[in-house]
$ cat my_file03.pdb   # PDB, C-alpha atoms
MODEL        1
ATOM      1  CA  MET A 185      11.468  24.773  -6.468
ATOM      2  CA  SER A 186      11.552  24.258 -10.253
ATOM      3  CA  PRO A 187       9.146  21.855 -11.997
ATOM      4  CA  LEU A 188      12.078  19.788 -13.231
ATOM      5  CA  VAL A 189      13.302  19.194  -9.667
ATOM      6  CA  ILE A 190       9.784  18.296  -8.548
ATOM      7  CA  PHE A 191       9.238  15.790 -11.374
ATOM      8  CA  GLN A 192      12.640  14.192 -10.767
ATOM      9  CA  HIS A 193      11.478  13.248  -7.255
ATOM     10  CA  VAL A 194       8.321  11.499  -8.419
ATOM     11  CA  PRO A 195       8.648   7.730  -7.848
ATOM     12  CA  LEU A 196       8.946   5.506 -10.932
ATOM     13  CA  TRP A 197       5.741   3.618 -10.091
ATOM     14  CA  VAL A 198       3.756   6.846 -10.591
ATOM     15  CA  TRP A 199       4.965   7.148 -14.207
ATOM     16  CA  LEU A 200       4.322   3.446 -14.816
ATOM     17  CA  LEU A 201       0.796   3.852 -13.447
ATOM     18  CA  LEU A 202       0.222   6.843 -15.743
ATOM     19  CA  ALA A 203       1.458   4.872 -18.773
ATOM     20  CA  GLY A 204      -0.849   1.973 -17.873
ATOM     21  CA  LEU A 205      -3.848   4.269 -17.436
ATOM     22  CA  ILE A 206      -3.191   5.919 -20.808
ATOM     23  CA  ALA A 207      -2.878   2.526 -22.520
ATOM     24  CA  LEU A 208      -6.096   1.256 -20.922
ATOM     25  CA  GLY A 209      -7.918   4.506 -21.756
ATOM     26  CA  LEU A 210      -6.813   4.445 -25.398
ATOM     27  CA  ARG A 211      -7.873   0.800 -25.672
ATOM     28  CA  SER A 212     -11.295   1.842 -24.387
ATOM     29  CA  SER A 213     -11.686   4.334 -27.229
ATOM     30  CA  ARG A 214     -12.065   1.487 -29.755
ATOM     31  CA  ASP A 215     -14.851  -1.059 -30.186
ATOM     32  CA  ARG A 216     -13.660  -4.224 -28.490
ATOM     33  CA  THR A 217     -14.438  -7.526 -26.866
ATOM     34  CA  SER A 218     -13.042  -7.557 -23.378
ATOM     35  CA  PRO A 219     -12.979  -9.799 -20.307
ATOM     36  CA  VAL A 220     -15.633  -8.682 -17.822
ATOM     37  CA  TRP A 221     -13.024  -8.504 -15.036
ATOM     38  CA  LEU A 222     -11.252  -5.741 -16.985
ATOM     39  CA  MET A 223     -14.353  -3.555 -16.493
ATOM     40  CA  ILE A 224     -13.915  -3.955 -12.741
ATOM     41  CA  LEU A 225     -10.240  -2.916 -12.761
ATOM     42  CA  PRO A 226     -10.750   0.892 -13.041
ATOM     43  CA  SER A 227     -12.969   0.711  -9.935
ATOM     44  CA  ALA A 228      -9.758   0.131  -7.991
ATOM     45  CA  LEU A 229      -8.734   3.751  -8.688
ATOM     46  CA  VAL A 230     -10.822   4.636  -5.632
ATOM     47  CA  ILE A 231      -7.860   3.357  -3.603
ATOM     48  CA  LEU A 232      -5.780   6.373  -4.685
ATOM     49  CA  GLY A 233      -8.470   8.747  -3.472
ATOM     50  CA  LEU A 234      -8.992   6.946  -0.185
ATOM     51  CA  ARG A 235      -5.246   6.970   0.378
ATOM     52  CA  SER A 236      -5.178  10.742  -0.187
ATOM     53  CA  LEU A 237      -8.149  11.392   2.092
ATOM     54  CA  ILE A 238      -6.555   9.311   4.849
ATOM     55  CA  ALA A 239      -3.287  11.258   4.444
ATOM     56  CA  LEU A 240      -5.169  14.560   4.730
ATOM     57  CA  GLN A 241      -6.796  13.418   8.003
ATOM     58  CA  VAL A 242     -10.130  14.859   6.918
ATOM     59  CA  SER A 243     -13.204  15.494   9.034
ATOM     60  CA  PRO A 244     -16.277  13.240   9.146
ATOM     61  CA  LEU A 245     -18.038  15.803   6.937
ATOM     62  CA  VAL A 246     -15.500  15.255   4.155
ATOM     63  CA  TRP A 247     -15.932  11.472   4.466
ATOM     64  CA  ALA A 248     -19.711  11.946   4.241
ATOM     65  CA  LEU A 249     -19.292  14.104   1.131
ATOM     66  CA  PHE A 250     -17.112  11.404  -0.395
ATOM     67  CA  ALA A 251     -19.638   8.658   0.399
ATOM     68  CA  ILE A 252     -22.571  10.633  -1.053
ATOM     69  CA  ALA A 253     -20.573  11.586  -4.154
ATOM     70  CA  TYR A 254     -19.453   7.966  -4.594
ATOM     71  CA  GLY A 255     -23.056   6.779  -4.441
ATOM     72  CA  LEU A 256     -24.108   9.393  -6.995
ATOM     73  CA  GLY A 257     -21.209   8.345  -9.222
ATOM     74  CA  VAL A 258     -22.317   4.704  -9.043
ATOM     75  CA  LEU A 259     -25.834   5.704 -10.108
ATOM     76  CA  LEU A 260     -24.432   7.797 -12.957
ATOM     77  CA  GLY A 261     -22.213   4.927 -14.114
ATOM     78  CA  LEU A 262     -25.181   2.529 -14.067
ATOM     79  CA  ARG A 263     -27.087   4.978 -16.245
ATOM     80  CA  LEU A 264     -24.241   5.718 -18.705
ATOM     81  CA  GLN A 265     -22.772   2.269 -19.370
ATOM     82  CA  PRO A 266     -25.683   0.677 -21.293
ATOM     83  CA  ARG A 267     -25.004   2.989 -24.258
ATOM     84  CA  TRP A 268     -21.591   1.333 -24.692
ATOM     85  CA  THR A 269     -22.468  -2.269 -23.829
ATOM     86  CA  VAL A 270     -23.332  -4.236 -26.971
ATOM     87  CA  ALA A 271     -23.563  -7.785 -25.572
ATOM     88  CA  ARG A 272     -22.226 -10.055 -22.878
ATOM     89  CA  SER A 273     -21.360 -13.716 -23.291
ATOM     90  CA  GLY A 274     -20.019 -15.561 -20.265
ATOM     91  CA  PRO A 275     -16.766 -13.965 -19.123
ATOM     92  CA  THR A 276     -16.565 -11.497 -22.034
ATOM     93  CA  VAL A 277     -18.403  -8.337 -23.029
ATOM     94  CA  MET A 278     -18.582  -6.526 -26.372
ATOM     95  CA  LEU A 279     -18.246  -2.757 -25.951
ATOM     96  CA  ARG A 280     -18.454   0.311 -28.168
ATOM     97  CA  GLY A 281     -15.488   2.643 -28.064
ATOM     98  CA  GLU A 282     -15.743   5.686 -25.788
ATOM     99  CA  TYR A 283     -13.422   8.315 -24.358
ATOM    100  CA  LEU A 284     -15.004   8.664 -20.915
ATOM    101  CA  THR A 285     -12.696   5.991 -19.499
ATOM    102  CA  LEU A 286      -9.565   7.809 -20.676
ATOM    103  CA  ILE A 287     -10.837  11.204 -19.506
ATOM    104  CA  LEU A 288     -11.869   9.954 -16.051
ATOM    105  CA  MET A 289      -8.682   7.962 -15.460
ATOM    106  CA  LEU A 290      -6.451  10.876 -16.456
ATOM    107  CA  ALA A 291      -8.542  13.300 -14.387
ATOM    108  CA  LEU A 292      -8.360  11.024 -11.332
ATOM    109  CA  PHE A 293      -4.624  10.576 -11.810
ATOM    110  CA  GLY A 294      -4.089  14.321 -12.327
ATOM    111  CA  VAL A 295      -6.111  15.370  -9.294
ATOM    112  CA  ASN A 296      -4.395  12.800  -7.068
ATOM    113  CA  PHE A 297      -0.985  13.806  -8.458
ATOM    114  CA  ALA A 298      -1.689  17.509  -7.869
ATOM    115  CA  LEU A 299      -2.889  16.834  -4.326
ATOM    116  CA  GLY A 300       0.199  14.741  -3.601
ATOM    117  CA  MET A 301       2.422  17.501  -4.951
ATOM    118  CA  ALA A 302       0.596  20.089  -2.845
ATOM    119  CA  GLN A 303       1.023  17.917   0.255
ATOM    120  CA  ALA A 304       4.763  17.681  -0.417
ATOM    121  CA  VAL A 305       5.381  21.304  -1.402
ATOM    122  CA  ALA A 306       2.691  23.287   0.447
ATOM    123  CA  PRO A 307       0.928  21.126   3.049
ATOM    124  CA  GLN A 308      -1.067  24.083   4.383
ATOM    125  CA  LEU A 309      -2.609  24.535   0.908
ATOM    126  CA  ALA A 310      -3.527  20.858   0.612
ATOM    127  CA  SER A 311      -5.409  20.931   3.898
ATOM    128  CA  SER A 312      -7.066  24.351   3.470
ATOM    129  CA  LEU A 313     -10.859  24.353   3.663
ATOM    130  CA  PRO A 314     -12.060  23.942   0.037
ATOM    131  CA  VAL A 315      -9.361  21.518  -1.119
ATOM    132  CA  PRO A 316     -10.315  18.364   0.835
ATOM    133  CA  HIS A 317     -14.044  18.971   0.268
ATOM    134  CA  GLY A 318     -13.685  19.477  -3.487
ATOM    135  CA  PHE A 319     -11.274  16.579  -3.761
ATOM    136  CA  ALA A 320     -13.654  14.257  -1.913
ATOM    137  CA  VAL A 321     -16.598  15.170  -4.146
ATOM    138  CA  PHE A 322     -14.632  14.849  -7.394
ATOM    139  CA  GLU A 323     -12.935  11.623  -6.317
ATOM    140  CA  GLY A 324     -16.228  10.141  -5.134
ATOM    141  CA  VAL A 325     -18.179  10.896  -8.311
ATOM    142  CA  ALA A 326     -15.412   9.876 -10.725
ATOM    143  CA  SER A 327     -14.541   6.657  -8.854
ATOM    144  CA  GLY A 328     -18.199   5.821  -8.372
ATOM    145  CA  ILE A 329     -18.819   6.083 -12.121
ATOM    146  CA  PHE A 330     -16.307   3.284 -12.683
ATOM    147  CA  LEU A 331     -18.012   1.027 -10.145
ATOM    148  CA  GLY A 332     -21.444   1.821 -11.601
ATOM    149  CA  ARG A 333     -20.244   0.981 -15.096
ATOM    150  CA  ALA A 334     -18.784  -2.320 -13.890
ATOM    151  CA  LEU A 335     -22.020  -3.193 -12.074
ATOM    152  CA  SER A 336     -23.990  -2.377 -15.226
ATOM    153  CA  VAL A 337     -21.898  -4.847 -17.233
ATOM    154  CA  LEU A 338     -22.198  -7.490 -14.510
ATOM    155  CA  ARG A 339     -25.992  -7.072 -14.542
ATOM    156  CA  GLN A 340     -26.119  -7.396 -18.344
ATOM    157  CA  PRO A 341     -27.910 -10.593 -19.441
ATOM    158  CA  ARG A 342     -25.541 -13.191 -20.850
ATOM    159  CA  HIS A 343     -26.288 -13.858 -24.508
ATOM    160  CA  GLN A 344     -24.268 -15.411 -27.272
ATOM    161  CA  MET A 345     -22.344 -12.832 -29.242
ATOM    162  CA  ALA A 346     -22.354 -13.036 -33.022
TER
ENDMDL
END
$ encode --input "my_file03.pdb" --output "structure tokens"
Amino acid sequence: MSPLVIFQHVPLWVWLLLAGLIALGLRSSRDRTSPVWLMILPSALVILGLRSLIALQVSPLVWALFAIAYGLGVLLGLRLQPRWTVARSGPTVMLRGEYLTLILMLALFGVNFALGMAQAVAPQLASSLPVPHGFAVFEGVASGIFLGRALSVLRQPRHQMA
């Protein structure tokens, strides 16, 4: 099957999601003042990974790997975010620009897209031993980082911004 045929069968919402993730990631590369709730939004990307793991019908071991990786990702996000948080005032936060958001969102999208393609084109490959385990670990760490970063901002003391 040619790549052109494969990409023609991708639903429109997938391309719209990709465009939105790119826009949000590029916005994150600049210093900005942002609503706090917008920091929470990327945490919802975990839904794509959970959806994929459910579709793969993985073993309890894979779910355990995901949970451990997610917890480690949260801790990593809590540790990383303070370097980009300048100040928080009520419902807004002032942030330094960074590219981690763009890189993580595109990586999560790409890995989920590739897994979905593998499930459609070669289901035996998608369910072979290392694929679900590696996917669960990557998805857990990357998604957990977003939640950890959001929690870091939520824990930030509220001060008046200049």
$ resolve_selection --input "my_file03.pdb" --expression "the PyMOL selection byres ((chain A and resi 320) around 12)" --output "PyMOL selection string"
chain A and resi 230+232-238+240+242-254+292+295-296+299+313-319+321-328
$ resolve_selection --input "my_file03.pdb" --expression "the PyMOL selection byres ((chain A and resi 262) around 6)" --output "number ranges by chain"
A: 259-261, 263-265, 332-333, 336
$ residues_around --input "my_file03.pdb" --residues "Ile190 (chain A)" --least-positions-apart "4" --cutoff "12 Å" --atoms "only C-alpha atoms" --output "ChimeraX atom specification"
/A:185-186,194-195,297-298,300-302,304-305
$ atom_distance --input "my_file03.pdb" --atom1 "CA of Trp197 (chain A)" --atom2 "CA of Gly209 (chain A)"
18.0 Å
$ resolve_selection --input "my_file03.pdb" --expression "the PyMOL selection byres ((chain A and resi 224) around 12)" --output "list in words"
Ser218, Pro219, Val220, Trp221, Leu222, Met223, Leu225, Pro226, Ser227, Ala228, Leu229, Val230, Ser327, Gly328, Ile329, Phe330, Leu331, Gly332, Arg333, Ala334, Leu335, Ser336, Val337 and Leu338 of chain A
$ atom_distance --input "my_file03.pdb" --atom1 "CA of Thr269 (chain A)" --atom2 "CA of Ser213 (chain A)"
13.1 Å
$ closest_residue --input "my_file03.pdb" --among "A:Ala271, A:Leu286, A:Ala291, A:Ala306" --to "Pro341 (chain A)" --atoms "all atoms listed in the file"
A:Ala271
$ residues_around --input "my_file03.pdb" --residues "Leu202 (chain A)" --least-positions-apart "6" --cutoff "9 Å" --atoms "all atoms listed in the file" --output "number ranges by chain"
A: 289-290, 293
$ atom_distance --input "my_file03.pdb" --atom1 "CA of Trp268 (chain A)" --atom2 "CA of Gly281 (chain A)"
7.1 Å
$ closest_residue --input "my_file03.pdb" --among "A:Ser212, A:Gln308, A:Gln192, A:Ser273" --to "Thr285 (chain A)" --atoms "only C-alpha atoms"
A:Ser212
$ axis_aligned_box --input "my_file03.pdb" --around "region 320-326 of chain A" --padding-each-side "4 Å" --output "AutoDock Vina command-line options"
--center_x -15.6 --center_y 12.5 --center_z -6.3 --size_x 13.2 --size_y 13.3 --size_z 16.8
$ closest_residue --input "my_file03.pdb" --among "A:Val270, A:Leu188, A:Leu279, A:Leu284" --to "His343 (chain A)" --atoms "only C-alpha atoms"
A:Val270
$ build_atoms --input "my_file03.pdb" --residues "region 285-307 of chain A" --atoms "N, CA, C and O atoms" --output "PDB file, keeping the file's coordinate frame"
ATOM      1  N   THR A 285     -13.667   6.736 -20.314  1.00  0.00           N
ATOM      2  CA  THR A 285     -12.696   5.991 -19.499  1.00  0.00           C
ATOM      3  C   THR A 285     -11.357   6.717 -19.457  1.00  0.00           C
ATOM      4  O   THR A 285     -10.792   6.935 -18.378  1.00  0.00           O
ATOM      5  N   LEU A 286     -10.844   7.103 -20.612  1.00  0.00           N
ATOM      6  CA  LEU A 286      -9.565   7.809 -20.676  1.00  0.00           C
ATOM      7  C   LEU A 286      -9.634   9.134 -19.918  1.00  0.00           C
ATOM      8  O   LEU A 286      -8.750   9.442 -19.103  1.00  0.00           O
ATOM      9  N   ILE A 287     -10.694   9.896 -20.150  1.00  0.00           N
ATOM     10  CA  ILE A 287     -10.837  11.204 -19.506  1.00  0.00           C
ATOM     11  C   ILE A 287     -10.907  11.063 -17.987  1.00  0.00           C
ATOM     12  O   ILE A 287     -10.209  11.772 -17.255  1.00  0.00           O
ATOM     13  N   LEU A 288     -11.728  10.129 -17.507  1.00  0.00           N
ATOM     14  CA  LEU A 288     -11.869   9.954 -16.051  1.00  0.00           C
ATOM     15  C   LEU A 288     -10.577   9.461 -15.405  1.00  0.00           C
ATOM     16  O   LEU A 288     -10.191   9.931 -14.338  1.00  0.00           O
ATOM     17  N   MET A 289      -9.919   8.492 -16.055  1.00  0.00           N
ATOM     18  CA  MET A 289      -8.682   7.962 -15.460  1.00  0.00           C
ATOM     19  C   MET A 289      -7.599   9.036 -15.398  1.00  0.00           C
ATOM     20  O   MET A 289      -6.904   9.148 -14.390  1.00  0.00           O
ATOM     21  N   LEU A 290      -7.463   9.822 -16.472  1.00  0.00           N
ATOM     22  CA  LEU A 290      -6.451  10.876 -16.456  1.00  0.00           C
ATOM     23  C   LEU A 290      -6.823  11.983 -15.465  1.00  0.00           C
ATOM     24  O   LEU A 290      -5.944  12.544 -14.809  1.00  0.00           O
ATOM     25  N   ALA A 291      -8.117  12.282 -15.359  1.00  0.00           N
ATOM     26  CA  ALA A 291      -8.542  13.300 -14.387  1.00  0.00           C
ATOM     27  C   ALA A 291      -8.280  12.819 -12.959  1.00  0.00           C
ATOM     28  O   ALA A 291      -7.765  13.581 -12.130  1.00  0.00           O
ATOM     29  N   LEU A 292      -8.617  11.565 -12.672  1.00  0.00           N
ATOM     30  CA  LEU A 292      -8.360  11.024 -11.332  1.00  0.00           C
ATOM     31  C   LEU A 292      -6.862  11.021 -11.033  1.00  0.00           C
ATOM     32  O   LEU A 292      -6.425  11.409  -9.945  1.00  0.00           O
ATOM     33  N   PHE A 293      -6.068  10.579 -11.999  1.00  0.00           N
ATOM     34  CA  PHE A 293      -4.624  10.576 -11.810  1.00  0.00           C
ATOM     35  C   PHE A 293      -4.126  12.000 -11.570  1.00  0.00           C
ATOM     36  O   PHE A 293      -3.364  12.258 -10.643  1.00  0.00           O
ATOM     37  N   GLY A 294      -4.549  12.939 -12.423  1.00  0.00           N
ATOM     38  CA  GLY A 294      -4.089  14.321 -12.327  1.00  0.00           C
ATOM     39  C   GLY A 294      -4.450  14.975 -11.005  1.00  0.00           C
ATOM     40  O   GLY A 294      -3.615  15.654 -10.390  1.00  0.00           O
ATOM     41  N   VAL A 295      -5.671  14.770 -10.560  1.00  0.00           N
ATOM     42  CA  VAL A 295      -6.111  15.370  -9.294  1.00  0.00           C
ATOM     43  C   VAL A 295      -5.337  14.763  -8.123  1.00  0.00           C
ATOM     44  O   VAL A 295      -4.894  15.476  -7.217  1.00  0.00           O
ATOM     45  N   ASN A 296      -5.164  13.443  -8.133  1.00  0.00           N
ATOM     46  CA  ASN A 296      -4.395  12.800  -7.068  1.00  0.00           C
ATOM     47  C   ASN A 296      -2.929  13.237  -7.107  1.00  0.00           C
ATOM     48  O   ASN A 296      -2.314  13.457  -6.064  1.00  0.00           O
ATOM     49  N   PHE A 297      -2.370  13.360  -8.312  1.00  0.00           N
ATOM     50  CA  PHE A 297      -0.985  13.806  -8.458  1.00  0.00           C
ATOM     51  C   PHE A 297      -0.832  15.225  -7.918  1.00  0.00           C
ATOM     52  O   PHE A 297       0.091  15.520  -7.157  1.00  0.00           O
ATOM     53  N   ALA A 298      -1.751  16.108  -8.321  1.00  0.00           N
ATOM     54  CA  ALA A 298      -1.689  17.509  -7.869  1.00  0.00           C
ATOM     55  C   ALA A 298      -1.826  17.602  -6.352  1.00  0.00           C
ATOM     56  O   ALA A 298      -1.111  18.375  -5.703  1.00  0.00           O
ATOM     57  N   LEU A 299      -2.729  16.818  -5.778  1.00  0.00           N
ATOM     58  CA  LEU A 299      -2.889  16.834  -4.326  1.00  0.00           C
ATOM     59  C   LEU A 299      -1.629  16.320  -3.636  1.00  0.00           C
ATOM     60  O   LEU A 299      -1.175  16.896  -2.641  1.00  0.00           O
ATOM     61  N   GLY A 300      -1.048  15.264  -4.163  1.00  0.00           N
ATOM     62  CA  GLY A 300       0.199  14.741  -3.601  1.00  0.00           C
ATOM     63  C   GLY A 300       1.328  15.750  -3.678  1.00  0.00           C
ATOM     64  O   GLY A 300       2.107  15.909  -2.737  1.00  0.00           O
ATOM     65  N   MET A 301       1.398  16.459  -4.801  1.00  0.00           N
ATOM     66  CA  MET A 301       2.422  17.501  -4.951  1.00  0.00           C
ATOM     67  C   MET A 301       2.182  18.626  -3.938  1.00  0.00           C
ATOM     68  O   MET A 301       3.121  19.122  -3.325  1.00  0.00           O
ATOM     69  N   ALA A 302       0.918  19.020  -3.801  1.00  0.00           N
ATOM     70  CA  ALA A 302       0.596  20.089  -2.845  1.00  0.00           C
ATOM     71  C   ALA A 302       0.947  19.664  -1.425  1.00  0.00           C
ATOM     72  O   ALA A 302       1.461  20.469  -0.637  1.00  0.00           O
ATOM     73  N   GLN A 303       0.685  18.403  -1.086  1.00  0.00           N
ATOM     74  CA  GLN A 303       1.023  17.917   0.255  1.00  0.00           C
ATOM     75  C   GLN A 303       2.532  17.955   0.484  1.00  0.00           C
ATOM     76  O   GLN A 303       2.978  18.225   1.594  1.00  0.00           O
ATOM     77  N   ALA A 304       3.304  17.690  -0.562  1.00  0.00           N
ATOM     78  CA  ALA A 304       4.763  17.681  -0.417  1.00  0.00           C
ATOM     79  C   ALA A 304       5.347  19.086  -0.408  1.00  0.00           C
ATOM     80  O   ALA A 304       6.290  19.364   0.337  1.00  0.00           O
ATOM     81  N   VAL A 305       4.798  19.977  -1.229  1.00  0.00           N
ATOM     82  CA  VAL A 305       5.381  21.304  -1.402  1.00  0.00           C
ATOM     83  C   VAL A 305       4.734  22.350  -0.496  1.00  0.00           C
ATOM     84  O   VAL A 305       5.420  23.211   0.048  1.00  0.00           O
ATOM     85  N   ALA A 306       3.415  22.288  -0.348  1.00  0.00           N
ATOM     86  CA  ALA A 306       2.691  23.287   0.447  1.00  0.00           C
ATOM     87  C   ALA A 306       1.574  22.611   1.234  1.00  0.00           C
ATOM     88  O   ALA A 306       0.397  22.713   0.883  1.00  0.00           O
ATOM     89  N   PRO A 307       1.927  21.890   2.299  1.00  0.00           N
ATOM     90  CA  PRO A 307       0.928  21.126   3.049  1.00  0.00           C
ATOM     91  C   PRO A 307      -0.239  21.972   3.557  1.00  0.00           C
ATOM     92  O   PRO A 307      -1.366  21.483   3.634  1.00  0.00           O
TER      93      PRO A 307
END
